[in-house]
Every structure is written in C-alpha cells, then in structure tokens.
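Asker: Hey, dropping run_1.tsv in here, TSV, C-alpha atoms:
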chain	number	residue	atom	x	y	z
A	1	MET	CA	-155.35	-24.53	-30.54
A	2	SER	CA	-154.01	-24.97	-34.03
A	3	LEU	CA	-150.30	-25.62	-33.79
A	4	ALA	CA	-149.79	-24.13	-37.29
A	5	LEU	CA	-147.15	-26.69	-38.22
A	6	SER	CA	-146.63	-28.78	-41.30
A	7	PRO	CA	-147.76	-32.42	-40.93
A	8	GLN	CA	-144.14	-33.51	-40.89
A	9	ASP	CA	-143.20	-31.04	-38.15
A	10	PHE	CA	-146.26	-32.00	-36.11
A	11	ARG	CA	-145.21	-35.65	-36.24
A	12	ARG	CA	-141.79	-34.65	-34.89
A	13	LEU	CA	-143.38	-32.70	-32.06
A	14	GLU	CA	-146.32	-34.97	-31.27
A	15	ARG	CA	-144.75	-37.30	-28.74
A	16	PHE	CA	-143.35	-34.38	-26.72
A	17	LEU	CA	-146.73	-32.68	-26.25
A	18	PRO	CA	-148.36	-32.58	-22.80
A	19	MET	CA	-150.51	-35.59	-21.93
A	20	GLY	CA	-153.59	-35.96	-24.10
A	21	MET	CA	-152.88	-33.14	-26.56
A	22	ALA	CA	-152.46	-35.56	-29.45
A	23	PRO	CA	-154.72	-38.42	-28.30
A	24	SER	CA	-154.67	-41.79	-30.00
A	25	GLU	CA	-157.88	-43.58	-30.94
A	26	ASP	CA	-157.69	-45.62	-27.74
A	27	ALA	CA	-156.95	-42.64	-25.45
A	28	THR	CA	-158.81	-42.80	-22.15
A	29	PRO	CA	-161.30	-40.10	-21.11
A	30	VAL	CA	-158.80	-39.03	-18.45
A	31	GLU	CA	-156.09	-38.50	-21.08
A	32	ARG	CA	-158.49	-36.62	-23.35
A	33	ALA	CA	-159.59	-34.41	-20.45
A	34	ALA	CA	-155.96	-33.54	-19.66
A	35	GLY	CA	-155.36	-32.74	-23.33
A	36	ALA	CA	-158.44	-30.53	-23.48
A	37	LEU	CA	-157.18	-28.48	-20.54
A	38	ALA	CA	-153.76	-28.08	-22.17
A	39	GLN	CA	-155.51	-26.85	-25.33
A	40	LEU	CA	-157.47	-24.28	-23.31
A	41	VAL	CA	-154.29	-22.93	-21.72
A	42	LEU	CA	-152.26	-22.92	-24.93
A	43	SER	CA	-155.02	-21.08	-26.77
A	44	HIS	CA	-155.23	-18.51	-23.91
A	45	ARG	CA	-158.87	-19.36	-23.14
A	46	VAL	CA	-157.82	-20.27	-19.61
A	47	THR	CA	-154.85	-18.51	-18.04
A	48	PRO	CA	-152.70	-19.41	-15.03
A	49	GLY	CA	-154.58	-18.59	-11.85
A	50	GLN	CA	-158.03	-19.01	-13.40
A	51	LYS	CA	-160.63	-21.57	-12.43
A	52	ILE	CA	-160.85	-24.58	-14.74
A	53	PRO	CA	-164.22	-25.01	-16.52
A	54	MET	CA	-164.81	-28.67	-15.73
A	55	ASP	CA	-168.25	-28.79	-17.35
A	56	ASP	CA	-166.90	-27.33	-20.59
A	57	ILE	CA	-164.12	-29.92	-20.70
A	58	ALA	CA	-166.57	-32.75	-19.97
A	59	SER	CA	-168.84	-31.54	-22.77
A	60	HIS	CA	-165.90	-31.22	-25.16
A	61	ILE	CA	-164.74	-34.81	-24.64
A	62	GLY	CA	-168.28	-36.20	-24.42
A	63	ALA	CA	-167.94	-37.56	-20.90
A	64	SER	CA	-169.09	-36.90	-17.36
A	65	ARG	CA	-167.19	-34.78	-14.85
A	66	THR	CA	-165.69	-37.93	-13.29
A	67	PRO	CA	-162.79	-38.42	-15.76
A	68	VAL	CA	-162.24	-34.67	-15.79
A	69	ARG	CA	-161.86	-34.68	-12.02
A	70	GLU	CA	-159.52	-37.71	-12.24
A	71	ALA	CA	-157.39	-35.91	-14.83
A	72	LEU	CA	-157.19	-32.80	-12.66
A	73	ARG	CA	-156.17	-34.84	-9.63
A	74	ARG	CA	-153.36	-36.36	-11.69
A	75	LEU	CA	-152.31	-32.94	-12.97
A	76	GLU	CA	-152.38	-31.62	-9.40
A	77	THR	CA	-149.83	-34.30	-8.47
A	78	ASP	CA	-147.72	-33.14	-11.43
A	79	GLY	CA	-147.83	-29.55	-10.15
A	80	LEU	CA	-149.93	-28.18	-13.03
A	81	VAL	CA	-153.21	-27.44	-11.25
A	82	ALA	CA	-154.31	-26.75	-7.67
A	83	SER	CA	-157.55	-27.73	-5.95
A	84	LEU	CA	-159.70	-25.26	-4.06
A	85	PRO	CA	-161.74	-26.63	-1.13
A	86	ASN	CA	-165.28	-27.20	-2.44
A	87	ARG	CA	-164.61	-24.86	-5.39
A	88	GLY	CA	-162.99	-27.04	-8.04
A	89	PHE	CA	-159.54	-26.48	-9.53
A	90	ILE	CA	-157.42	-23.65	-10.89
A	91	VAL	CA	-154.42	-23.69	-13.21
A	92	ARG	CA	-151.39	-23.08	-11.03
A	93	ARG	CA	-149.72	-19.72	-11.52
A	94	MET	CA	-145.95	-19.79	-11.44
A	95	GLU	CA	-144.12	-17.29	-9.25
A	96	PRO	CA	-140.48	-16.17	-9.53
A	97	ARG	CA	-139.37	-18.63	-6.83
A	98	ASP	CA	-140.91	-21.49	-8.84
A	99	VAL	CA	-139.08	-20.40	-11.98
A	100	ARG	CA	-135.77	-20.12	-10.12
A	101	ASP	CA	-136.16	-23.59	-8.61
A	102	LEU	CA	-137.11	-25.22	-11.91
A	103	TYR	CA	-134.25	-23.65	-13.84
A	104	GLU	CA	-131.75	-24.69	-11.15
A	105	ALA	CA	-133.10	-28.24	-11.34
A	106	ARG	CA	-132.89	-28.14	-15.14
A	107	GLU	CA	-129.24	-27.10	-14.98
A	108	CYS	CA	-128.44	-30.09	-12.75
A	109	ILE	CA	-130.30	-32.65	-14.85
A	110	GLU	CA	-129.40	-31.32	-18.27
A	111	ALA	CA	-125.69	-30.98	-17.63
A	112	PHE	CA	-125.47	-34.75	-17.19
A	113	CYS	CA	-127.91	-35.45	-20.02
A	114	ALA	CA	-126.12	-33.21	-22.52
A	115	ARG	CA	-122.69	-34.63	-21.77
A	116	THR	CA	-123.93	-38.21	-21.91
A	117	ALA	CA	-126.04	-37.66	-25.03
A	118	ALA	CA	-123.08	-36.14	-26.87
A	119	ALA	CA	-120.96	-39.16	-25.99
A	120	ARG	CA	-123.71	-41.38	-27.40
A	121	ARG	CA	-124.56	-39.26	-30.41
A	122	THR	CA	-125.60	-40.84	-33.67
A	123	ALA	CA	-126.31	-39.39	-37.09
A	124	ALA	CA	-130.03	-39.95	-36.55
A	125	PHE	CA	-129.97	-38.10	-33.22
A	126	VAL	CA	-128.11	-35.13	-34.67
A	127	GLY	CA	-130.53	-35.05	-37.61
A	128	GLU	CA	-133.55	-34.98	-35.27
A	129	LEU	CA	-132.10	-32.10	-33.26
A	130	ARG	CA	-131.26	-30.23	-36.43
A	131	ALA	CA	-134.89	-30.58	-37.61
A	132	LEU	CA	-136.22	-29.43	-34.24
A	133	HIS	CA	-133.88	-26.43	-34.34
A	134	ARG	CA	-135.17	-25.44	-37.78
A	135	MET	CA	-138.72	-25.66	-36.44
A	136	TYR	CA	-137.78	-23.58	-33.39
A	137	ALA	CA	-136.21	-20.83	-35.48
A	138	SER	CA	-139.24	-20.74	-37.77
A	139	VAL	CA	-141.76	-20.60	-34.93
A	140	LEU	CA	-139.96	-17.80	-33.09
A	141	ALA	CA	-139.22	-15.70	-36.18
A	142	GLY	CA	-140.60	-12.44	-34.87
A	143	ARG	CA	-144.02	-13.76	-33.84
A	144	GLY	CA	-144.67	-12.90	-30.21
A	145	ASP	CA	-148.06	-14.64	-30.28
A	146	ARG	CA	-146.32	-17.98	-30.91
A	147	ARG	CA	-144.31	-18.02	-27.70
A	148	ARG	CA	-146.15	-21.01	-26.19
A	149	LEU	CA	-145.68	-22.97	-29.41
A	150	GLY	CA	-142.01	-22.04	-29.23
A	151	MET	CA	-141.91	-23.45	-25.70
A	152	LEU	CA	-143.31	-26.75	-26.98
A	153	VAL	CA	-140.54	-26.99	-29.58
A	154	ASP	CA	-137.98	-25.95	-26.96
A	155	LYS	CA	-139.24	-28.81	-24.78
A	156	ALA	CA	-138.87	-31.26	-27.66
A	157	PHE	CA	-135.27	-30.12	-28.30
A	158	HIS	CA	-134.18	-30.52	-24.67
A	159	VAL	CA	-136.16	-33.67	-23.89
A	160	ARG	CA	-134.79	-35.35	-27.04
A	161	ILE	CA	-131.29	-34.71	-25.67
A	162	ALA	CA	-132.32	-36.29	-22.36
A	163	GLU	CA	-133.71	-39.31	-24.19
A	164	GLN	CA	-130.37	-39.83	-25.91
A	165	ALA	CA	-128.68	-39.90	-22.50
A	166	GLY	CA	-130.69	-43.04	-21.79
A	167	ASN	CA	-132.11	-42.41	-18.30
A	168	PRO	CA	-135.93	-42.53	-18.48
A	169	HIS	CA	-136.36	-41.17	-14.95
A	170	LEU	CA	-134.44	-38.00	-15.75
A	171	THR	CA	-136.30	-37.69	-19.06
A	172	ALA	CA	-139.67	-37.88	-17.28
A	173	LEU	CA	-138.60	-35.31	-14.68
A	174	LEU	CA	-137.43	-32.92	-17.37
A	175	ALA	CA	-140.64	-33.32	-19.39
A	176	ASN	CA	-142.69	-32.47	-16.29
A	177	MET	CA	-140.58	-29.38	-15.61
A	178	PHE	CA	-141.19	-28.16	-19.14
A	179	ASP	CA	-144.93	-28.76	-18.89
A	180	ARG	CA	-145.02	-26.64	-15.74
A	181	LEU	CA	-143.05	-23.88	-17.44
A	182	ILE	CA	-145.28	-24.03	-20.52
A	183	LEU	CA	-148.70	-24.27	-18.85
A	184	THR	CA	-148.41	-22.40	-15.54
A	185	ARG	CA	-146.23	-19.42	-16.42
A	186	PRO	CA	-148.18	-16.34	-17.55
A	187	MET	CA	-147.22	-15.18	-21.03
A	188	GLU	CA	-146.45	-11.69	-19.83
A	189	ASP	CA	-143.57	-13.27	-17.91
A	190	PHE	CA	-141.81	-14.26	-21.16
A	191	PRO	CA	-139.59	-11.46	-22.53
A	192	LEU	CA	-140.03	-11.01	-26.27
A	193	ASP	CA	-136.40	-10.00	-26.79
A	194	ARG	CA	-135.36	-13.44	-25.50
A	195	MET	CA	-136.77	-15.23	-28.55
A	196	GLY	CA	-133.95	-14.52	-31.01
A	197	THR	CA	-131.27	-15.07	-28.38
A	198	ALA	CA	-132.70	-18.49	-27.51
A	199	VAL	CA	-132.62	-19.52	-31.17
A	200	ASP	CA	-128.95	-18.47	-31.39
A	201	GLU	CA	-128.12	-20.46	-28.26
A	202	HIS	CA	-129.75	-23.58	-29.70
A	203	ALA	CA	-127.72	-23.10	-32.88
A	204	LEU	CA	-124.51	-22.88	-30.85
A	205	ALA	CA	-125.40	-26.04	-28.92
A	206	LEU	CA	-126.13	-27.88	-32.14
A	207	ALA	CA	-122.80	-26.76	-33.61
A	208	GLN	CA	-120.99	-28.06	-30.53
A	209	LEU	CA	-122.82	-31.37	-30.80
A	210	GLU	CA	-121.79	-31.74	-34.44
A	211	SER	CA	-118.16	-30.67	-34.17
A	212	GLY	CA	-117.24	-30.13	-30.53
A	213	THR	CA	-116.79	-32.40	-27.55
A	214	PRO	CA	-119.28	-33.68	-24.96
A	215	ARG	CA	-118.01	-31.03	-22.55
A	216	THR	CA	-118.43	-28.15	-25.01
A	217	PHE	CA	-121.93	-29.36	-25.84
A	218	GLU	CA	-122.72	-29.54	-22.13
A	219	ALA	CA	-121.42	-25.98	-21.69
A	220	ALA	CA	-123.55	-24.66	-24.57
A	221	VAL	CA	-126.71	-26.32	-23.23
A	222	ALA	CA	-125.96	-25.06	-19.71
A	223	ARG	CA	-125.53	-21.52	-21.01
A	224	ASN	CA	-128.89	-21.70	-22.78
A	225	ILE	CA	-130.63	-22.82	-19.59
A	226	HIS	CA	-128.85	-20.40	-17.27
A	227	ASP	CA	-129.25	-17.34	-19.49
A	228	GLY	CA	-132.86	-18.20	-20.28
A	229	GLY	CA	-133.77	-18.54	-16.62
A	230	ALA	CA	-131.93	-15.33	-15.70
A	231	ALA	CA	-133.68	-13.35	-18.46
A	232	ILE	CA	-137.12	-14.63	-17.46
A	233	LEU	CA	-136.55	-13.93	-13.76
A	234	ALA	CA	-135.30	-10.41	-14.48
A	235	HIS	CA	-138.34	-9.77	-16.67
A	236	MET	CA	-140.75	-11.14	-14.04
A	237	GLU	CA	-139.23	-9.00	-11.32
A	238	SER	CA	-139.25	-5.85	-13.45
A	239	THR	CA	-142.88	-6.28	-14.51
A	240	ARG	CA	-143.95	-6.94	-10.93
A	241	SER	CA	-142.11	-3.86	-9.65
A	242	LEU	CA	-143.86	-1.77	-12.30
A	243	ALA	CA	-147.23	-3.25	-11.35
A	244	PHE	CA	-146.73	-2.29	-7.69
A	245	SER	CA	-145.02	1.06	-8.21
A	246	PRO	CA	-146.93	4.10	-6.93
A	247	THR	CA	-148.73	6.21	-9.52
Render the structure in this file as structure tokens.
Answerer:
Amino acid sequence: MSLALSPQDFRRLERFLPMGMAPSEDATPVERAAGALAQLVLSHRVTPGQKIPMDDIASHIGASRTPVREALRRLETDGLVASLPNRGFIVRRMEPRDVRDLYEARECIEAFCARTAAARRTAAFVGELRALHRMYASVLAGRGDRRRLGMLVDKAFHVRIAEQAGNPHLTALLANMFDRLILTRPMEDFPLDRMGTAVDEHALALAQLESGTPRTFEAAVARNIHDGGAAILAHMESTRSLAFSPT
C-alpha cells in the first residue's frame, strides 16, 4: 500500500507503523513477513476473517514459509491473527465485544498517560503532536478510502502521548490495541461521519495541551476515546441489525 504521504510526514509516522511495515536494511525475515501481511490488510487485498496467503507472502519477501509461519505465530500471540487446525491462519475479525473491551482498556490507560504527559510537556512534544494533528486532518479530509491511513495517524497521535508519559509497558499495550483496531476491524464498521468529528476532538485535545491543565487535557483525550468507541459500536450494531433483518 502506498501511504500517500510526503517524505517528511512518512518519517513522522514510520516508527508507529505495525511491525515490519517500514523494515530497515537489517530487518529479519520474520519482521518482513509481518510487514507484508500488514500491507495486504491495509491495501484491502486480505480482509479480516480471510485466510492468509502464506505462499504469496513468502514469495514477496523471498523466503520460505518458515519465517512466515513464525511471524504469524507471533501475531497470533498479539491477537492479530488466528490459527486454524491444519488449515493455516486467518486475520482475526473483530466483533462488537472486542471493540467495547479495547476502548474501555484505552480509556483506563490513556487517562493516566494524558494527564502525566501534559505534566511533562515540552515544546518539542507539543510540536510533534501539532504536526501529527495536521497530518490527521489532511488524511481524513473527506476521503473515505483513507480511513485505515487515518487510523495509523490516530495511533501515532495517541501513542506519542503515551510515550511522553514515560511508561514503556503502557505504551506497548496501547500500540498493540491500536494495531488490533487497525488490522482486524472490517472497514464497513467505521462510520464515515465520524471522521470530521474525530479531527475536531484531536484539535480540542491539542488546544487543552497548549493552554489548559493536565486534567483538562486528560478530559479531552478521554472524550475522544469514549465518543469514538460509542460511535463505532453504534454503527456496528446498526449494520449488523440491517444485515439480519428480514426482507
């Protein structure tokens, strides 16, 4: 998938990408296999619930199936794929209960991270968030086909806040939650009318970081997470009720 970003924006986003998506020259075959799968999902060539083409990934990275299988085992531990007995692997498909659980966990983790990050804010930190917000607004400017790219920038915005809080364990947990939301949630479960609202909520959070208090920044971030999760769950439930309604 082409991320359709300027080189400068890609450099800002690069370290927040799922494992292997921006491999270094010394990346292992396992890392490159994981990145190849993420590319397939982000470009909609493999969708949540579908079987993973292990041979295609092996051919793409110029390796055997062994590192591909190792990568998928690691991703299974991370909750991104599921194994089928004697049938390979599928990309996990997120259900409403999964979304609810992840957003509740995000609210718990990010409340602490936002409050602590604001107390430790620096000019460089605020400048990085401001740049990520500009990227987010640009990506989601009316382009429904760029929703997954928008999720990657959203991840960068929130994980950067967690980094500033200074707890690497919470940062790693949050990054994994975002990868699950990005890679295992079907795109039809993302309401298009949420895009502009999410951008506005990020702008409010940034304003509170720049001129508010740690508590007001925490409240703005919490609102973004809560309202985002509620909108997605409502959309998932409505689309599923339509799918099962009698004709």
Asker: Hey, can you check how far CA of Glu104 in chain A sits from CA of Ala119 in chain A?
Answerer: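 Taking CA of Glu104 in chain A as the start and CA of Ala119 in chain A as the end point, the length is 23.4 Å.
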Asker: So that I can see what lies close to His133 in chain A, please list as a ChimeraX atom specification the residues with an atom at most 8 Å from it, counting only C-alpha atoms and leaving out residues fewer than 6 positions away in the same chain.
Answerer: /A:157,199,202-203
Asker: Quick one: distance from CA of Glu107 in chain A to CA of Leu170 in chain A in Å, one decimal?
Answerer: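 These atoms are spaced 12.1 Å apart.
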Asker: By how many Å are CA of Leu80 in chain A and CA of His44 in chain A apart?
Answerer: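 Atom-to-atom, CA of Leu80 in chain A and CA of His44 in chain A are spaced 15.5 Å apart.
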Asker: Could you tell me, as a ChimeraX atom specification, which residues have any atom at most 10 Å from (-157.2, -22.9, -22.6), counting all atoms listed in the file?
Answerer: /A:1,36-48,52-53,91,183
Asker: Do a neighbour search on Ala63 in chain A at 10 Å with only C-alpha atoms, toss out local chain neighbours closer than 3 positions, and write the hits as number ranges by chain.
Answerer: A: 29-30, 32-33, 55, 57-60, 66-68
Asker: Choose the residue, out of A:Ile225, A:Met151, A:Ala111, A:Ala220, that has the smallest atom-to-atom separation from Met195 in chain A; count only C-alpha atoms.
Answerer: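 Ranked by minimum distance to Met195 in chain A, first place goes to A:Met151.
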Asker: Of the residues A:Arg74, A:Arg115, A:Arg194, A:Arg11, which is the one nearest to Arg215 in chain A, using only C-alpha atoms?
Answerer: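 Counting only C-alpha atoms, the residue closest to Arg215 in chain A is A:Arg115.
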Asker: Using all atoms listed in the file, determine which residues lie at most 12 Å from Leu204 in chain A, disregarding the query and same-chain residues fewer than 6 positions distant; provide the list as a compact mmCIF listing (two decimals) with C-alpha atoms, in the frame of the given file.
Answerer:
# COMPACT_ATOMS: atom_id res chain seq x y z
CA ARG A 130 -131.26 -30.23 -36.43
CA HIS A 133 -133.88 -26.43 -34.34
CA THR A 197 -131.27 -15.07 -28.38
CA ALA A 198 -132.70 -18.49 -27.51
CA GLU A 210 -121.79 -31.74 -34.44
CA SER A 211 -118.16 -30.67 -34.17
CA GLY A 212 -117.24 -30.13 -30.53
CA THR A 216 -118.43 -28.15 -25.01
CA PHE A 217 -121.93 -29.36 -25.84
CA GLU A 218 -122.72 -29.54 -22.13
CA ALA A 219 -121.42 -25.98 -21.69
CA ALA A 220 -123.55 -24.66 -24.57
CA VAL A 221 -126.71 -26.32 -23.23
CA ALA A 222 -125.96 -25.06 -19.71
CA ARG A 223 -125.53 -21.52 -21.01
CA ASN A 224 -128.89 -21.70 -22.78
Asker: Name all residues at most 12 Å from Val126 in chain A (count all atoms listed in the file; drop same-chain ones fewer than 5 positions away) and give them as a count of residues only.
Answerer: 19
Asker: Pick the closest to Arg65 in chain A from A:Gly88, A:Gly20, A:Gly228, A:Asp78: which is it, counting all atoms listed in the file?
Answerer: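 Closest to Arg65 in chain A of all the choices is A:Gly88.
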Asker: Which one is closest to Leu181 in chain A: A:Asp200, A:Glu237, A:Glu31, A:Asp98? Count all atoms listed in the file.
Answerer: A:Asp98
